[in-house]
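Peer 1: Please find one structure pasted underneath; my questions will follow.
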Amino acid sequence: MFNPRSSRNLLSTVLLLGASFFCDAVFAQVREMRMRLDWVPSGIYAALYQAQQNGYYAREGLNVTILPGKGSNITMDGLAAGDIDIGFVSCWGLAVGVSKGRDLVSVATYTGKNGFAFIFGSDAGVKTLGDLSGKSIVVTPGSFETLLYPAVLASQGLPGNLMRQVNVDAAQKVPTFARGQADVVVTHNAYGVPLIQQQRQASSITWGSVGFVLPDYCLAVTRQQLAKEPQLVEKFLRASYASAKDAATNPSDAVAATIKLEPLLDRSITEKQWRLMTELFYSDDSKSCPHGWHSPSDWSKALETLKKYGGLEGSITDHGKFYTNQFFNCKR
């Protein structure tokens with residue numbers, strides 16, 4: 001005999017089992033990924049934090065853990081060791097590393113215009129790079145920016161030894177300048193200026209503003225990872241750059257997401273850092289192309305500079321050693 005209550009119970013059981021199987025299938029498709037930044041948490045990475053916090057990665061079936069860094073070299077070491085899947089690194093550091101045998105490749109340019117800068121006190125009377133003559137500059141020995149700032153000066157017809165160096169550990173570089181113990185510091189403009197201005201009024205001349213061409217930050221993977229899982233890389237990039245586009249339009253949303261994940265950050269500084277970062281997305285040559293696209297023209301100039309000043313080894317004619325545009329198409 002038909003029993004409505006039994007039928008309802010059976011139906012409920014079937015629906016619950018079906019829902020359980022569906023949820024298991026969905027969760028089984030989520031891919032765990034580990035990404036390491038090049039430095040400590042800050043507003044320059046706001047779009048990546050937003051992508052994690054606000055579901056951009058989740059919609060691509062990814063669960064991305066974003067780890068702090070201690071410099072591009074350490075991040076590249078993590079890639080080579082298989083400890084991480086994606087690395088946020090300086091494009092120039094990557095190029096030099098690849099030339100010395102690192103089996104890595106840039107899959108996207110994050111900031112195409114170089115944002116490193118000479119930062120100095122606002123009362124220093126500096127209007128041009130030539131005005132830095134005779135001043136003290138705090139640097140980290142052996143860092144890429146220390147190796148390359150003489151090339152920036154040379155591009156303006158100035159001697160590389162224009163300033164007297166004050167050598168400190170990387171973590172002490174910005175604090176040393178902020179305390180007034182040097183006249184100039186070289187660091188990333190978007191990261192450094194908002195932090196420094198909490199203690200000292202500062203102005204800057206970015207390398208990109210004087211026509212120095214050198215792609216800034218890149219997203220890198222191992223060549224093995226790229227060959228094995230190109231679709232995974234594509235999903236990560238699609239989510240990251242969708243978030244970057246939205247974060248540039250609505251900075252406050254990206255900052256809010258960043259603070260949720262990194263609650264020790266100062267909201268005002270974080271927003272200033274992110275806003276400055278968005279000004280660097282495109283170089284003059286890449287501004288008509290999708291964000292993420294590598295400009296061959298910019299890379300040609302950069303590789304020549306790195307060959308002369310940055311310790312890059314070997315041939316620079318084959319750009320495919322250093323980057324790929326397979327995920328970004330630009331028709332001009």
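Residues are named by chain letter and number: chains run A, B, ... in the order of the structure tokens, numbers start at 1 in each chain, and ligands are numbered from 1 in the order shown.
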Go through range 279-324 of chain A and collect every residue that DSSP, computed from the backbone, puts in alpha helix (DSSP H); the answer should be as a ChimeraX atom specification.

Peer 2: /A:296-309

Peer 1: Would you write out, as a tab-separated table, a table of all residues in range 200-249 of chain A that have an atom no more than 9 Å from an atom of range 167-182 of chain A, listing for each the closest atom pair and the distance in Å to one decimal, considering only C-alpha atoms and ordering rows by chain and rising residue number?

Peer 2:
```
residue	atom	partner	partner_atom	distance
A:Arg200	CA	A:Ala178	CA	5.7
A:Gln201	CA	A:Ala178	CA	8.7
A:Ala202	CA	A:Ala178	CA	8.8
```

Peer 1: For the residues in that selection, give me N, CA and C atoms as an mmCIF file, in the first residue's frame.

Peer 2:
```cif
data_model
loop_
_atom_site.group_PDB
_atom_site.id
_atom_site.type_symbol
_atom_site.label_atom_id
_atom_site.label_comp_id
_atom_site.auth_asym_id
_atom_site.auth_seq_id
_atom_site.Cartn_x
_atom_site.Cartn_y
_atom_site.Cartn_z
ATOM 1 N N ARG A 200 58.471 60.975 7.378
ATOM 2 C CA ARG A 200 59.293 61.992 6.729
ATOM 3 C C ARG A 200 58.655 62.415 5.413
ATOM 4 N N GLN A 201 58.553 63.702 5.194
ATOM 5 C CA GLN A 201 58.016 64.178 3.921
ATOM 6 C C GLN A 201 58.988 63.834 2.803
ATOM 7 N N ALA A 202 58.474 63.154 1.786
ATOM 8 C CA ALA A 202 59.364 62.668 0.731
ATOM 9 C C ALA A 202 58.754 62.874 -0.652
#
```

Peer 1: So that I can see what lies close to Leu129 in chain A, please list as a ChimeraX atom specification the residues with an atom at most 12 Å from it, counting only C-alpha atoms and leaving out residues fewer than 5 positions away in the same chain.

Peer 2: /A:117-120,134-135,149-150,152-160,162-163,184,204-207,209-210

Peer 1: Could you produce a table of the residues of range 141-219 of chain A lying within 9 Å of range 92-104 of chain A, with the nearest pair of atoms per residue and their separation in Å rounded to one decimal, using only C-alpha atoms, ordered by chain and increasing residue number, as a Markdown table?

Peer 2:
```
| residue | atom | partner | partner_atom | distance |
| --- | --- | --- | --- | --- |
| A:Phe144 | CA | A:Gly93 | CA | 6.7 |
| A:Leu214 | CA | A:Trp92 | CA | 7.3 |
| A:Pro215 | CA | A:Trp92 | CA | 7.1 |
| A:Asp216 | CA | A:Trp92 | CA | 7.2 |
| A:Tyr217 | CA | A:Trp92 | CA | 8.1 |
| A:Cys218 | CA | A:Leu94 | CA | 8.2 |
```

Peer 1: Just to confirm, what's the straight-line distance from CA of Ser315 in chain A to CA of Ala220 in chain A in Å (one decimal)?

Peer 2: 20.5 Å

Peer 1: Which residue out of A:Ala248, A:Thr140, A:Leu261, A:Val193 has the minimum interatomic distance to Thr65 in chain A when only C-alpha atoms are used?

Peer 2: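 Using only C-alpha atoms, the shortest distance to Thr65 in chain A belongs to A:Leu261.
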
Peer 1: Please, what distance in Å, to one decimal, runs between CA of Gln198 in chain A and CA of Gly43 in chain A?

Peer 2: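 Here the two named atoms are 15.1 Å from each other.
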
Peer 1: From the options A:Thr249, A:Lys235, A:Val105, A:Leu264, which residue's atoms come nearest to Thr324 in chain A, counting only C-alpha atoms?

Peer 2: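 Checking each of A:Thr249, A:Lys235, A:Val105, A:Leu264 against Thr324 in chain A, counting only C-alpha atoms, the winner is A:Val105.
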
Peer 1: Can you list, as a list in words, all residues belonging to range 175-284 of chain A that DSSP tags as strand (DSSP E or B)?

Peer 2: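 Filtering range 175-284 of chain A down to strand (DSSP E or B) leaves Val184, Val185, Val186, Thr187, His188, Ala202, Ser203, Ser204, Ile205, Thr206, Tyr217, Cys218, Leu219, Ala220, Val221 and Thr222 of chain A.
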
Peer 1: If we count only C-alpha atoms, what is near Asn54 in chain A at a cut-off of 10 Å, once residues fewer than 3 positions away on the same chain are taken out, given as a list in words?

Peer 2: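 Answer for this query is Leu48, Tyr49, Gln50, Ala51, Tyr57, Ala58, Arg59, Ser243, Asp253, Ala254, Ala257 and Thr258 of chain A.
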
Peer 1: Report, in Å to a single decimal, how far apart CA of Ile196 in chain A and CA of Gly142 in chain A are.

Peer 2: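 Here the two named atoms are 22.8 Å from each other.
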
Peer 1: Find, counting only C-alpha atoms, the residue in A:Ser203, A:Asn63, A:Thr187, A:Asn161 that gets nearest to Asp123 in chain A.

Peer 2: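 So, comparing all the options, the nearest one is A:Ser203.
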
Peer 1: Just the residues within 9 Å of range 297-306 of chain A, please, counting only C-alpha atoms, with nothing from its chain fewer than 6 positions along; format it as a list in words.

Peer 2: Trp92, Ala95, Val96, Gly112, Leu148, Ala151, Phe212, Val213, Leu214, Pro215, Ser283, Asp285, Ser286, Leu312, Glu313, Ile316, Thr317 and His319 of chain A

Peer 1: Could you turn the residues from that selection into a file that holds N, CA and C atoms, as a PDB file, in the first residue's frame?

Peer 2:
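That gives us out19.pdb:
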```pdb
ATOM      1  N   TRP A  92      63.038  41.817 -13.928  1.00  0.00           N
ATOM      2  CA  TRP A  92      64.481  41.885 -14.189  1.00  0.00           C
ATOM      3  C   TRP A  92      65.220  40.819 -13.411  1.00  0.00           C
ATOM      4  N   ALA A  95      64.677  37.620 -15.291  1.00  0.00           N
ATOM      5  CA  ALA A  95      65.475  37.524 -16.514  1.00  0.00           C
ATOM      6  C   ALA A  95      66.915  37.130 -16.213  1.00  0.00           C
ATOM      7  N   VAL A  96      67.492  37.745 -15.194  1.00  0.00           N
ATOM      8  CA  VAL A  96      68.870  37.412 -14.821  1.00  0.00           C
ATOM      9  C   VAL A  96      68.944  35.972 -14.323  1.00  0.00           C
ATOM     10  N   GLY A 112      53.979  46.929 -16.139  1.00  0.00           N
ATOM     11  CA  GLY A 112      54.857  47.053 -17.300  1.00  0.00           C
ATOM     12  C   GLY A 112      55.773  48.261 -17.248  1.00  0.00           C
ATOM     13  N   LEU A 148      71.374  48.224 -10.591  1.00  0.00           N
ATOM     14  CA  LEU A 148      70.832  48.874 -11.781  1.00  0.00           C
ATOM     15  C   LEU A 148      70.682  50.388 -11.687  1.00  0.00           C
ATOM     16  N   ALA A 151      72.683  52.444 -13.989  1.00  0.00           N
ATOM     17  CA  ALA A 151      72.238  52.444 -15.387  1.00  0.00           C
ATOM     18  C   ALA A 151      71.185  53.522 -15.623  1.00  0.00           C
ATOM     19  N   PHE A 212      63.437  55.351 -18.550  1.00  0.00           N
ATOM     20  CA  PHE A 212      64.191  54.109 -18.361  1.00  0.00           C
ATOM     21  C   PHE A 212      63.235  52.937 -18.527  1.00  0.00           C
ATOM     22  N   VAL A 213      63.460  52.110 -19.535  1.00  0.00           N
ATOM     23  CA  VAL A 213      62.534  51.032 -19.886  1.00  0.00           C
ATOM     24  C   VAL A 213      63.006  49.720 -19.271  1.00  0.00           C
ATOM     25  N   LEU A 214      62.177  49.182 -18.390  1.00  0.00           N
ATOM     26  CA  LEU A 214      62.476  47.923 -17.731  1.00  0.00           C
ATOM     27  C   LEU A 214      61.183  47.406 -17.108  1.00  0.00           C
ATOM     28  N   PRO A 215      60.577  46.336 -17.676  1.00  0.00           N
ATOM     29  CA  PRO A 215      59.352  45.800 -17.067  1.00  0.00           C
ATOM     30  C   PRO A 215      59.551  45.569 -15.571  1.00  0.00           C
ATOM     31  N   SER A 283      53.184  50.187 -19.734  1.00  0.00           N
ATOM     32  CA  SER A 283      54.256  51.047 -20.251  1.00  0.00           C
ATOM     33  C   SER A 283      53.700  51.822 -21.439  1.00  0.00           C
ATOM     34  N   ASP A 285      54.519  51.450 -24.418  1.00  0.00           N
ATOM     35  CA  ASP A 285      54.346  50.535 -25.540  1.00  0.00           C
ATOM     36  C   ASP A 285      53.209  49.540 -25.325  1.00  0.00           C
ATOM     37  N   SER A 286      52.846  49.272 -24.075  1.00  0.00           N
ATOM     38  CA  SER A 286      51.840  48.226 -23.825  1.00  0.00           C
ATOM     39  C   SER A 286      50.447  48.762 -23.528  1.00  0.00           C
ATOM     40  N   LEU A 312      73.208  39.781 -16.438  1.00  0.00           N
ATOM     41  CA  LEU A 312      72.548  38.803 -17.306  1.00  0.00           C
ATOM     42  C   LEU A 312      73.584  38.143 -18.202  1.00  0.00           C
ATOM     43  N   GLU A 313      73.482  36.839 -18.344  1.00  0.00           N
ATOM     44  CA  GLU A 313      74.466  36.073 -19.105  1.00  0.00           C
ATOM     45  C   GLU A 313      73.855  35.479 -20.371  1.00  0.00           C
ATOM     46  N   ILE A 316      70.584  37.255 -25.777  1.00  0.00           N
ATOM     47  CA  ILE A 316      69.317  37.900 -25.452  1.00  0.00           C
ATOM     48  C   ILE A 316      68.409  38.001 -26.678  1.00  0.00           C
ATOM     49  N   THR A 317      68.756  37.290 -27.734  1.00  0.00           N
ATOM     50  CA  THR A 317      67.956  37.382 -28.955  1.00  0.00           C
ATOM     51  C   THR A 317      66.660  36.591 -28.875  1.00  0.00           C
ATOM     52  N   HIS A 319      63.638  35.870 -26.969  1.00  0.00           N
ATOM     53  CA  HIS A 319      62.823  36.322 -25.853  1.00  0.00           C
ATOM     54  C   HIS A 319      62.038  35.179 -25.212  1.00  0.00           C
TER      55      HIS A 319
END
```
